[in-house]
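Have a look at input_25.tsv; it's TSV, C-alpha atoms:
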```tsv
chain	number	residue	atom	x	y	z
A	1	MET	CA	-192.58	45.55	-100.69
A	2	ASN	CA	-193.01	49.31	-100.45
A	3	SER	CA	-191.97	51.45	-97.49
A	4	GLN	CA	-195.53	51.49	-96.06
A	5	ASP	CA	-195.61	47.70	-96.03
A	6	LEU	CA	-192.22	47.66	-94.38
A	7	GLN	CA	-193.40	50.07	-91.72
A	8	ASN	CA	-196.52	47.96	-91.10
A	9	LEU	CA	-194.35	44.87	-90.87
A	10	GLN	CA	-192.18	46.58	-88.30
A	11	LEU	CA	-195.23	47.63	-86.29
A	12	ILE	CA	-196.52	44.07	-86.38
A	13	GLN	CA	-193.14	42.78	-85.25
A	14	ILE	CA	-193.16	45.20	-82.30
A	15	ALA	CA	-196.69	44.11	-81.41
A	16	LEU	CA	-195.71	40.43	-81.58
A	17	GLU	CA	-192.72	41.12	-79.38
A	18	ARG	CA	-194.98	42.66	-76.77
A	19	ILE	CA	-197.44	39.77	-76.94
A	20	ARG	CA	-194.59	37.30	-76.52
A	21	ASN	CA	-193.36	39.14	-73.43
A	22	VAL	CA	-196.65	38.61	-71.67
A	23	GLU	CA	-196.22	35.29	-69.85
A	24	ARG	CA	-199.80	34.38	-69.26
A	25	PRO	CA	-202.52	36.87	-70.06
A	26	LEU	CA	-205.18	36.85	-67.39
A	27	SER	CA	-208.40	38.64	-66.77
A	28	VAL	CA	-208.58	40.76	-63.64
A	29	SER	CA	-211.48	38.84	-62.16
A	30	SER	CA	-209.57	35.59	-62.06
A	31	VAL	CA	-207.10	37.07	-59.62
A	32	SER	CA	-208.68	36.38	-56.29
A	33	PRO	CA	-207.33	36.60	-52.75
A	34	PHE	CA	-207.31	32.87	-52.41
A	35	ILE	CA	-204.77	31.93	-55.02
A	36	ASN	CA	-202.23	29.36	-53.95
A	37	ASN	CA	-200.70	28.90	-57.35
A	38	SER	CA	-197.59	31.01	-57.47
A	39	THR	CA	-197.32	30.69	-61.24
A	40	ILE	CA	-200.63	32.43	-61.69
A	41	LEU	CA	-199.65	35.03	-59.15
A	42	SER	CA	-196.37	35.73	-60.84
A	43	SER	CA	-198.13	36.73	-64.01
A	44	CYS	CA	-201.07	38.69	-62.69
A	45	GLY	CA	-201.14	42.16	-64.10
A	46	VAL	CA	-200.23	42.64	-67.69
A	47	LEU	CA	-203.11	42.55	-70.13
A	48	CYS	CA	-202.50	42.64	-73.83
A	49	LEU	CA	-205.16	44.84	-75.31
A	50	ASN	CA	-205.06	46.12	-78.87
A	51	PRO	CA	-201.52	45.38	-80.04
A	52	THR	CA	-201.50	47.69	-83.03
A	53	GLN	CA	-202.87	50.61	-81.05
A	54	GLU	CA	-200.52	49.74	-78.21
A	55	SER	CA	-197.47	49.66	-80.38
A	56	ILE	CA	-198.21	53.13	-81.68
A	57	ASN	CA	-198.60	54.57	-78.20
A	58	GLN	CA	-195.93	52.29	-76.81
A	59	GLU	CA	-194.19	54.55	-74.36
A	60	GLY	CA	-197.25	55.99	-72.59
A	61	ASN	CA	-199.06	52.69	-72.36
A	62	THR	CA	-196.10	50.86	-70.89
A	63	GLN	CA	-196.12	53.28	-67.99
A	64	ARG	CA	-199.88	53.03	-67.66
A	65	GLU	CA	-199.71	49.25	-67.66
A	66	LYS	CA	-197.02	49.32	-65.03
A	67	ALA	CA	-199.19	51.49	-62.83
A	68	MET	CA	-202.07	49.08	-63.39
A	69	ASP	CA	-199.78	46.16	-62.48
A	70	VAL	CA	-198.76	47.75	-59.21
A	71	ASN	CA	-202.28	48.83	-58.31
A	72	MET	CA	-203.73	45.42	-58.96
A	73	LEU	CA	-200.95	43.70	-57.06
A	74	GLN	CA	-201.41	46.04	-54.15
A	75	ARG	CA	-205.16	45.49	-54.15
A	76	THR	CA	-204.71	41.73	-54.26
A	77	TYR	CA	-202.22	41.97	-51.42
A	78	SER	CA	-204.55	44.08	-49.27
A	79	ASP	CA	-207.48	41.78	-49.96
A	80	LEU	CA	-205.46	38.73	-49.03
A	81	LEU	CA	-204.14	40.25	-45.83
A	82	THR	CA	-207.59	41.46	-44.79
A	83	SER	CA	-209.08	38.04	-45.42
A	84	LEU	CA	-206.37	36.38	-43.31
A	85	PHE	CA	-207.35	38.53	-40.35
A	86	ARG	CA	-211.06	38.18	-40.99
A	87	GLU	CA	-210.81	34.39	-41.10
A	88	GLY	CA	-208.80	34.31	-37.90
A	89	ILE	CA	-205.70	32.86	-39.53
A	90	LEU	CA	-203.71	35.85	-38.33
A	91	ASN	CA	-204.13	37.91	-35.19
A	92	GLN	CA	-202.88	41.24	-33.87
A	93	GLN	CA	-199.43	39.82	-33.14
A	94	PHE	CA	-198.77	39.64	-36.89
A	95	THR	CA	-199.42	43.37	-37.12
A	96	GLU	CA	-196.92	43.86	-34.29
A	97	LEU	CA	-194.35	42.02	-36.40
A	98	GLN	CA	-195.09	44.20	-39.42
A	99	GLN	CA	-194.57	47.27	-37.28
A	100	LEU	CA	-191.12	46.01	-36.35
A	101	GLN	CA	-190.17	45.89	-40.01
A	102	ASP	CA	-188.71	49.03	-41.53
A	103	GLU	CA	-186.28	50.12	-44.22
A	104	ASN	CA	-183.37	48.98	-42.01
A	105	ASN	CA	-184.94	45.56	-41.51
A	106	PRO	CA	-186.96	45.02	-44.66
A	107	GLY	CA	-187.06	41.24	-44.44
A	108	PHE	CA	-187.93	40.87	-40.76
A	109	VAL	CA	-191.42	39.44	-41.12
A	110	TYR	CA	-190.29	37.11	-43.88
A	111	GLU	CA	-187.35	35.87	-41.77
A	112	VAL	CA	-189.45	35.24	-38.70
A	113	VAL	CA	-192.25	33.53	-40.61
A	114	SER	CA	-189.68	31.38	-42.44
A	115	LEU	CA	-188.25	30.32	-39.09
A	116	PHE	CA	-191.75	29.39	-38.06
A	117	PHE	CA	-192.32	27.31	-41.20
A	118	GLU	CA	-189.20	25.27	-40.36
A	119	ASP	CA	-189.91	25.01	-36.67
A	120	ALA	CA	-193.61	24.17	-37.00
A	121	GLY	CA	-193.03	21.76	-39.87
A	122	ARG	CA	-190.51	19.86	-37.79
A	123	LEU	CA	-192.76	19.82	-34.70
A	124	ILE	CA	-195.81	18.62	-36.61
A	125	ASN	CA	-193.81	15.83	-38.22
A	126	GLU	CA	-192.64	14.79	-34.76
A	127	LEU	CA	-196.21	14.86	-33.50
A	128	ILE	CA	-197.50	12.72	-36.33
A	129	SER	CA	-194.70	10.18	-36.07
A	130	ASN	CA	-195.02	10.03	-32.29
A	131	PHE	CA	-198.73	9.36	-32.53
A	132	ASN	CA	-198.00	6.49	-34.85
A	133	GLN	CA	-195.79	4.72	-32.34
A	134	GLN	CA	-196.85	1.53	-30.60
A	135	ALA	CA	-196.49	3.17	-27.23
A	136	VAL	CA	-197.33	6.84	-27.52
A	137	ASP	CA	-195.34	9.15	-25.29
A	138	TYR	CA	-197.98	11.75	-24.48
A	139	LYS	CA	-195.74	13.80	-22.28
A	140	LYS	CA	-193.34	14.25	-25.17
A	141	ILE	CA	-196.19	15.12	-27.48
A	142	ASP	CA	-197.48	17.70	-25.04
A	143	ALA	CA	-194.03	19.25	-24.91
A	144	TYR	CA	-193.98	19.54	-28.69
A	145	VAL	CA	-197.43	21.10	-28.73
A	146	HIS	CA	-196.32	23.54	-26.03
A	147	GLN	CA	-193.45	24.65	-28.26
A	148	LEU	CA	-195.71	24.94	-31.27
A	149	LYS	CA	-198.21	26.96	-29.30
A	150	GLY	CA	-195.46	29.32	-28.22
A	151	SER	CA	-194.04	29.92	-31.66
A	152	SER	CA	-197.43	30.26	-33.33
A	153	ALA	CA	-198.39	32.82	-30.68
A	154	SER	CA	-195.14	34.68	-31.32
A	155	ILE	CA	-195.92	35.25	-34.98
A	156	GLY	CA	-199.67	35.67	-34.75
A	157	ALA	CA	-200.68	32.36	-36.32
A	158	GLU	CA	-203.98	32.40	-34.44
A	159	LYS	CA	-205.68	29.24	-35.72
A	160	ILE	CA	-202.62	27.10	-35.14
A	161	ARG	CA	-202.20	28.55	-31.66
A	162	SER	CA	-205.86	27.89	-30.95
A	163	VAL	CA	-205.72	24.23	-31.96
A	164	CYS	CA	-202.61	23.80	-29.79
A	165	GLN	CA	-204.49	25.28	-26.87
A	166	THR	CA	-207.42	22.90	-27.46
A	167	PHE	CA	-204.98	19.99	-27.56
A	168	ARG	CA	-203.45	20.97	-24.24
A	169	GLU	CA	-206.88	21.32	-22.64
A	170	TYR	CA	-207.67	17.75	-23.71
A	171	TYR	CA	-204.28	16.65	-22.43
A	172	ASP	CA	-204.94	18.19	-19.02
A	173	LYS	CA	-208.18	16.20	-18.83
A	174	ASN	CA	-206.38	13.02	-19.98
A	175	ASP	CA	-208.67	12.92	-22.97
A	176	ILE	CA	-206.54	10.94	-25.42
A	177	GLN	CA	-209.15	10.84	-28.13
A	178	GLY	CA	-209.54	14.58	-27.89
A	179	CYS	CA	-205.78	14.99	-28.23
A	180	TYR	CA	-205.65	12.68	-31.19
A	181	ASN	CA	-208.46	14.56	-32.93
A	182	CYS	CA	-206.38	17.71	-32.87
A	183	ILE	CA	-203.50	16.39	-34.90
A	184	GLN	CA	-205.09	16.38	-38.32
A	185	PRO	CA	-206.61	19.87	-37.90
A	186	LEU	CA	-203.23	21.09	-36.69
A	187	ASN	CA	-201.57	19.81	-39.81
A	188	GLN	CA	-204.30	21.24	-42.00
A	189	GLU	CA	-204.10	24.66	-40.40
A	190	PHE	CA	-200.35	24.66	-40.86
A	191	VAL	CA	-200.62	23.75	-44.56
A	192	THR	CA	-203.19	26.48	-45.10
A	193	PHE	CA	-201.14	29.01	-43.17
A	194	LYS	CA	-198.00	28.22	-45.11
A	195	SER	CA	-199.60	28.51	-48.52
A	196	LYS	CA	-201.39	31.77	-47.68
A	197	LEU	CA	-198.31	33.40	-46.24
A	198	GLU	CA	-196.21	32.24	-49.17
A	199	ALA	CA	-198.74	33.86	-51.49
A	200	LEU	CA	-198.52	37.03	-49.43
A	201	PHE	CA	-194.73	37.15	-49.64
A	202	THR	CA	-194.82	36.46	-53.38
A	203	LEU	CA	-197.15	39.43	-53.84
A	204	GLU	CA	-194.82	41.58	-51.77
A	205	GLN	CA	-191.88	40.65	-53.98
A	206	GLN	CA	-193.86	41.44	-57.10
A	207	ILE	CA	-195.08	44.77	-55.81
A	208	VAL	CA	-191.52	45.78	-55.00
A	209	ALA	CA	-190.26	44.47	-58.35
A	210	ALA	CA	-192.91	46.50	-60.11
A	211	GLY	CA	-191.69	49.59	-58.30
A	212	GLY	CA	-194.54	49.85	-55.83
A	213	SER	CA	-194.69	49.93	-52.06
A	214	ILE	CA	-196.34	47.43	-49.75
A	215	PRO	CA	-199.67	48.82	-48.54
A	216	MET	CA	-199.69	49.46	-44.81
A	217	MET	CA	-202.85	48.35	-43.19
A	218	ARG	CA	-204.52	48.92	-39.87
A	219	HIS	CA	-206.36	46.02	-38.32
B	1	MET	CA	-167.55	65.63	-35.30
B	2	THR	CA	-169.90	63.22	-33.60
B	3	VAL	CA	-172.46	64.39	-31.15
B	4	GLU	CA	-172.62	62.31	-28.01
B	5	THR	CA	-176.08	60.75	-27.96
B	6	GLN	CA	-177.71	59.05	-25.02
B	7	PRO	CA	-175.70	56.04	-23.91
B	8	GLN	CA	-177.00	52.76	-25.22
B	9	PHE	CA	-178.02	50.26	-22.61
B	10	HIS	CA	-177.08	46.66	-23.05
B	11	VAL	CA	-179.62	43.90	-22.59
B	12	LEU	CA	-178.84	40.22	-22.32
B	13	ALA	CA	-181.75	38.18	-23.73
B	14	VAL	CA	-182.05	34.49	-22.93
B	15	ASP	CA	-184.41	32.15	-24.79
B	16	ASP	CA	-184.04	28.65	-26.17
B	17	SER	CA	-186.42	29.35	-29.07
B	18	VAL	CA	-184.62	30.78	-32.08
B	19	LEU	CA	-187.82	32.43	-33.22
B	20	ASP	CA	-188.39	34.14	-29.88
B	21	ARG	CA	-184.76	35.21	-29.75
B	22	LYS	CA	-185.14	36.89	-33.11
B	23	LEU	CA	-188.28	38.61	-31.94
B	24	ILE	CA	-186.92	39.87	-28.64
B	25	GLU	CA	-183.76	41.05	-30.36
B	26	ARG	CA	-185.77	43.09	-32.85
B	27	LEU	CA	-188.02	44.49	-30.13
B	28	LEU	CA	-185.03	45.58	-28.09
B	29	LYS	CA	-183.04	47.02	-30.97
B	30	THR	CA	-186.08	48.94	-32.18
B	31	SER	CA	-186.18	50.40	-28.69
B	32	SER	CA	-182.52	51.44	-29.02
B	33	TYR	CA	-180.95	48.81	-26.83
B	34	GLN	CA	-177.73	47.03	-27.58
B	35	VAL	CA	-178.56	43.32	-27.49
B	36	THR	CA	-176.79	40.06	-26.80
B	37	THR	CA	-178.84	36.89	-27.22
B	38	VAL	CA	-177.99	33.49	-25.81
B	39	ASP	CA	-179.91	30.26	-26.08
B	40	SER	CA	-179.55	28.93	-22.55
B	41	GLY	CA	-179.25	29.91	-18.92
B	42	THR	CA	-175.84	28.27	-18.79
B	43	LYS	CA	-174.54	30.45	-21.61
B	44	ALA	CA	-176.06	33.47	-19.91
B	45	LEU	CA	-174.13	32.72	-16.73
B	46	GLU	CA	-170.95	32.25	-18.71
B	47	PHE	CA	-171.49	35.58	-20.39
B	48	LEU	CA	-172.15	37.24	-17.06
B	49	GLY	CA	-169.03	35.71	-15.58
B	50	ILE	CA	-170.61	33.34	-13.08
B	51	GLN	CA	-169.57	29.73	-13.10
B	52	ASP	CA	-172.53	27.40	-13.23
B	53	GLU	CA	-171.65	24.44	-10.99
B	54	ASN	CA	-173.72	22.16	-13.23
B	55	SER	CA	-171.82	23.22	-16.27
B	56	GLU	CA	-169.14	20.90	-17.57
B	57	ASN	CA	-167.15	23.83	-18.78
B	58	ALA	CA	-164.35	24.27	-16.31
B	59	ALA	CA	-162.55	26.96	-18.22
B	60	SER	CA	-161.78	30.14	-16.36
B	61	VAL	CA	-163.93	33.14	-16.95
B	62	SER	CA	-162.70	35.33	-19.75
B	63	PRO	CA	-161.73	38.78	-18.49
B	64	HIS	CA	-163.33	40.20	-21.61
B	65	HIS	CA	-166.74	39.35	-20.25
B	66	GLN	CA	-166.20	41.42	-17.18
B	67	GLU	CA	-165.84	44.50	-19.33
B	68	VAL	CA	-169.14	44.04	-21.08
B	69	GLU	CA	-171.65	45.71	-18.87
B	70	VAL	CA	-175.14	44.28	-18.80
B	71	ASN	CA	-177.87	46.70	-17.80
B	72	LEU	CA	-180.77	44.26	-17.85
B	73	ILE	CA	-181.39	40.56	-18.24
B	74	ILE	CA	-184.56	39.33	-19.91
B	75	THR	CA	-185.11	35.61	-19.86
B	76	ASP	CA	-187.64	32.99	-20.85
B	77	TYR	CA	-188.94	30.99	-17.91
B	78	CYS	CA	-189.21	27.54	-19.46
B	79	MET	CA	-185.93	26.37	-20.88
B	80	PRO	CA	-184.17	23.02	-20.93
B	81	GLY	CA	-181.23	22.87	-18.56
B	82	ILE	CA	-181.43	25.71	-16.08
B	83	THR	CA	-184.72	27.58	-16.15
B	84	GLY	CA	-185.20	31.33	-16.16
B	85	TYR	CA	-186.08	31.07	-12.50
B	86	ASP	CA	-182.77	29.31	-11.73
B	87	LEU	CA	-180.95	32.00	-13.66
B	88	LEU	CA	-182.77	34.70	-11.71
B	89	LYS	CA	-181.75	33.06	-8.44
B	90	LYS	CA	-178.11	32.82	-9.42
B	91	VAL	CA	-177.99	36.43	-10.51
B	92	LYS	CA	-179.56	37.62	-7.26
B	93	GLU	CA	-177.15	35.46	-5.25
B	94	SER	CA	-174.16	37.03	-6.95
B	95	SER	CA	-172.76	40.08	-5.20
B	96	SER	CA	-171.53	41.56	-8.45
B	97	LEU	CA	-174.67	40.95	-10.44
B	98	ARG	CA	-177.58	41.20	-8.03
B	99	ASP	CA	-178.27	44.81	-8.95
B	100	ILE	CA	-178.93	43.99	-12.57
B	101	PRO	CA	-182.68	44.08	-13.17
B	102	VAL	CA	-184.11	40.76	-14.33
B	103	VAL	CA	-187.30	40.32	-16.33
B	104	ILE	CA	-188.98	36.95	-16.82
B	105	MET	CA	-190.97	36.04	-19.92
B	106	SER	CA	-193.43	33.18	-20.05
B	107	SER	CA	-196.09	31.92	-22.40
B	108	GLU	CA	-198.09	30.60	-19.45
B	109	ASN	CA	-200.10	32.74	-17.09
B	110	ILE	CA	-199.61	30.85	-13.83
B	111	PRO	CA	-200.06	33.06	-10.75
B	112	SER	CA	-197.89	30.91	-8.49
B	113	ARG	CA	-195.10	31.06	-11.04
B	114	ILE	CA	-195.39	34.82	-11.30
B	115	SER	CA	-195.29	35.36	-7.55
B	116	ARG	CA	-192.35	32.98	-7.14
B	117	CYS	CA	-190.37	35.04	-9.62
B	118	MET	CA	-191.31	38.36	-8.11
B	119	GLU	CA	-190.42	37.10	-4.64
B	120	GLU	CA	-187.04	36.02	-5.92
B	121	GLY	CA	-186.37	39.54	-7.11
B	122	ALA	CA	-187.61	39.74	-10.69
B	123	ASP	CA	-188.49	43.27	-11.71
B	124	GLU	CA	-191.14	42.39	-14.28
B	125	PHE	CA	-192.96	39.37	-15.58
B	126	PHE	CA	-193.98	39.56	-19.24
B	127	LEU	CA	-196.52	37.25	-20.81
B	128	LYS	CA	-195.51	36.10	-24.27
B	129	PRO	CA	-195.68	37.17	-26.98
B	130	VAL	CA	-193.75	40.16	-25.77
B	131	GLN	CA	-194.67	43.42	-27.48
B	132	LEU	CA	-193.17	46.87	-27.93
B	133	SER	CA	-195.39	48.21	-25.18
B	134	ASP	CA	-193.80	45.71	-22.77
B	135	VAL	CA	-190.28	46.68	-23.80
B	136	SER	CA	-191.09	50.33	-23.15
B	137	ARG	CA	-191.46	49.41	-19.47
B	138	LEU	CA	-187.82	48.36	-19.15
B	139	LYS	CA	-186.17	51.75	-19.05
B	140	PRO	CA	-187.28	52.78	-15.53
B	141	HIS	CA	-185.77	49.60	-14.07
B	142	ILE	CA	-182.45	50.23	-15.78
B	143	LEU	CA	-182.36	53.88	-14.78
B	144	LYS	CA	-183.35	53.12	-11.22
B	145	LYS	CA	-180.46	50.72	-10.89
B	146	SER	CA	-177.97	53.11	-12.36
B	147	VAL	CA	-179.13	55.80	-9.93
B	148	LYS	CA	-178.75	53.34	-7.12
B	149	CYS	CA	-175.22	52.57	-8.18
B	150	GLN	CA	-174.41	56.24	-8.02
B	151	ASP	CA	-175.93	56.56	-4.57
B	152	GLU	CA	-174.59	53.56	-2.78
B	153	ASN	CA	-175.33	54.74	0.72
B	154	GLN	CA	-179.02	55.23	0.27
B	155	ASN	CA	-181.37	52.36	0.89
B	156	GLN	CA	-183.82	52.38	-1.92
B	157	ASN	CA	-186.83	50.18	-2.07
B	158	LYS	CA	-186.25	48.21	-5.21
B	159	SER	CA	-189.29	46.01	-5.39
B	160	VAL	CA	-191.51	46.81	-8.32
B	161	THR	CA	-194.12	44.16	-8.63
B	162	THR	CA	-195.89	44.90	-11.86
B	163	ILE	CA	-197.17	42.33	-14.26
B	164	SER	CA	-197.94	43.21	-17.82
B	165	SER	CA	-200.41	41.37	-20.03
B	166	PRO	CA	-200.34	41.17	-23.78
B	167	THR	CA	-202.73	43.52	-25.50
B	168	ASN	CA	-203.58	41.08	-28.26
B	169	ASN	CA	-206.65	38.96	-28.09
B	170	VAL	CA	-205.41	35.77	-26.49
B	171	SER	CA	-208.37	34.81	-24.41
B	172	GLY	CA	-208.60	31.92	-22.01
B	173	ASN	CA	-204.88	31.46	-21.83
B	174	LYS	CA	-204.95	30.12	-18.31
B	175	ARG	CA	-204.15	26.51	-17.87
B	176	LYS	CA	-204.82	24.69	-14.68
B	177	ALA	CA	-201.83	25.45	-12.52
B	178	THR	CA	-200.76	21.87	-12.03
B	179	ASP	CA	-197.18	22.75	-11.37
B	180	ASP	CA	-195.46	25.06	-9.03
B	181	GLY	CA	-193.20	26.58	-11.59
B	182	ILE	CA	-191.99	23.29	-13.01
B	183	CYS	CA	-191.80	23.33	-16.76
B	184	SER	CA	-193.14	20.46	-18.78
B	185	GLU	CA	-190.38	18.33	-20.19
B	186	ARG	CA	-188.83	20.31	-22.98
B	187	ILE	CA	-187.41	18.47	-25.89
B	188	ARG	CA	-185.94	20.87	-28.32
B	189	THR	CA	-183.50	20.39	-31.11
B	190	ARG	CA	-181.12	23.30	-31.02
B	191	TYR	CA	-180.70	24.85	-34.38
B	192	SER	CA	-177.30	25.92	-35.48
B	193	ALA	CA	-177.67	29.71	-35.35
B	194	GLY	CA	-174.72	30.60	-33.15
B	195	PRO	CA	-175.70	30.46	-29.52
B	196	VAL	CA	-174.23	33.80	-28.63
B	197	THR	CA	-174.75	36.73	-30.89
B	198	ILE	CA	-173.45	40.08	-29.90
B	199	VAL	CA	-174.86	42.80	-32.08
```

Starting from the file, give its structure as structure tokens.
Amino acid sequence: MNSQDLQNLQLIQIALERIRNVERPLSVSSVSPFINNSTILSSCGVLCLNPTQESINQEGNTQREKAMDVNMLQRTYSDLLTSLFREGILNQQFTELQQLQDENNPGFVYEVVSLFFEDAGRLINELISNFNQQAVDYKKIDAYVHQLKGSSASIGAEKIRSVCQTFREYYDKNDIQGCYNCIQPLNQEFVTFKSKLEALFTLEQQIVAAGGSIPMMRH
Amino acid sequence: MTVETQPQFHVLAVDDSVLDRKLIERLLKTSSYQVTTVDSGTKALEFLGIQDENSENAASVSPHHQEVEVNLIITDYCMPGITGYDLLKKVKESSSLRDIPVVIMSSENIPSRISRCMEEGADEFFLKPVQLSDVSRLKPHILKKSVKCQDENQNQNKSVTTISSPTNNVSGNKRKATDDGICSERIRTRYSAGPVTIV
């Protein structure tokens, strides 16, 4: 093997190394705001283009790719957040929470939303199990829904809050069927909310890990 | 050398919801208040140095508590045990504490509840979720009371009956006022996060 072959071999080895470091190559268009799969999310960004060319211009392209990573992550984040407001999953109160977060309290929104996940999850489980009893204690159920309404209002989980309000209106009219019909939607809204917010937080972590900043948005 | 900045006022926040406690704490600290949060009216009374006759705790009041000055109390209305309204009453009945401004928070917009609280001496009634714009209304009440303390001989009119509404879009939040300030039965599992946090 002459020195040219050796050099080519080394270039190929570098290229292979770079290909191997890409977890899951994805096209940009497949990254949509509605992704619930965190594995896909965790790998959105790096595209392996022409390895040989890349390996020659290694240094410059790494930086360019990083910038592309951050930009795409930020765009995905903004799109997701905008869609959450547009669909009525979040309301203005969520923006209030974001405004309370700063460099001294970087995890505030995450902490509060995590508390909500626990709290709401527990309450919904109680609701479902109470509804399955032989003798349903509606007063107890109403109390749970009151709590859930309060905490969902506190974090800006608009759809959940709204279903709770509907439930309580049925309860006031002694409309048991109406109450019962709210339970499944309540659970569904919670599941949706949880997965969307988890996707949002995952994006935030990735943006920060890639050296970017979380886009501030006005709604 | 440290420059003496404006004195920090100390707010006691009372709410049985851990989420709401976190929120009110952040709102207050962002607004430069020193904050103590407790999860019940009973604990609030203990902190303030009043014995709650319903409390099983017969221990004597710690002298330490007397040294911690509270400039404002902000409390949730609906809580298991003693309500925010009960707490308000006890504070206003106490000769040592009646001058502390009290603000009530509630998720329910019930006019009879609001007027009951204002009549009992509450300085503000906030609809939840409480926002920064609400918290910005607290300062005048604190300053007014501290002026009053300095001028003990003057009779100042201390009733400020203002009600603030949330600016977010929570429409149709009125429920039929079936109660006269009585909370629906609250069943809440208390989470571990220490009941009293002084920060």

### Query
What residues in chain A have any atom no more than 7 Å from chain B when counting all atoms listed in the file, and can you write them as a list in words?
Gln92, Gln93, Val112, Leu115, Phe116, Ala143, Gly150, Ser151, Ala153 and Ser154 of chain A

Selection to disk with C-alpha atoms, as an mmCIF file, keeping the file's coordinate frame:
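This is the output file selection-v5.cif:
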```cif
data_model
loop_
_atom_site.group_PDB
_atom_site.id
_atom_site.type_symbol
_atom_site.label_atom_id
_atom_site.label_comp_id
_atom_site.auth_asym_id
_atom_site.auth_seq_id
_atom_site.Cartn_x
_atom_site.Cartn_y
_atom_site.Cartn_z
ATOM 1 C CA GLN A 92 -202.880 41.240 -33.870
ATOM 2 C CA GLN A 93 -199.430 39.820 -33.140
ATOM 3 C CA VAL A 112 -189.450 35.240 -38.700
ATOM 4 C CA LEU A 115 -188.250 30.320 -39.090
ATOM 5 C CA PHE A 116 -191.750 29.390 -38.060
ATOM 6 C CA ALA A 143 -194.030 19.250 -24.910
ATOM 7 C CA GLY A 150 -195.460 29.320 -28.220
ATOM 8 C CA SER A 151 -194.040 29.920 -31.660
ATOM 9 C CA ALA A 153 -198.390 32.820 -30.680
ATOM 10 C CA SER A 154 -195.140 34.680 -31.320
#
```

### Message
Around the point (-191.9, 44.1, -15.1) (coordinates from the file), which residues reach within 12 Å if we count only C-alpha atoms? Answer as a PyMOL selection string.
### Response
chain B and resi 72-75+101-105+114+117-118+121-127+130+133-142+159-165

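Residues within 10 Å of Tyr171 of chain A, counting only C-alpha atoms and excluding same-chain residues fewer than 6 positions away, are Tyr138, Lys139, Ile141, Asp142, Gln165, Gln177, Gly178, Cys179 and Tyr180 of chain A.
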
### Task
Quote the spacing between atom CA of Gln206 of chain A and atom CA of Leu73 of chain A in Å to one decimal place.
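Atom-to-atom, atom CA of Gln206 of chain A and atom CA of Leu73 of chain A are spaced 7.4 Å apart.
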
### Task
For atom CA of Thr202 of chain A and atom CA of Ser83 of chain A, quote the distance in Å rounded to one decimal.
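Taking atom CA of Thr202 of chain A as the start and atom CA of Ser83 of chain A as the end point, the length is 16.4 Å.
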
### One-decimal distance in Å that lies between atom CA of Val163 of chain A and atom CA of Pro185 of chain A
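Going from atom CA of Pro185 of chain A over to atom CA of Val163 of chain A, I get 7.4 Å.
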
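Using all atoms listed in the file, the shortest contact distance between Val35 of chain B and any of B:Gln8, B:Asp15, B:Leu48, B:Pro80 is found at B:Gln8.
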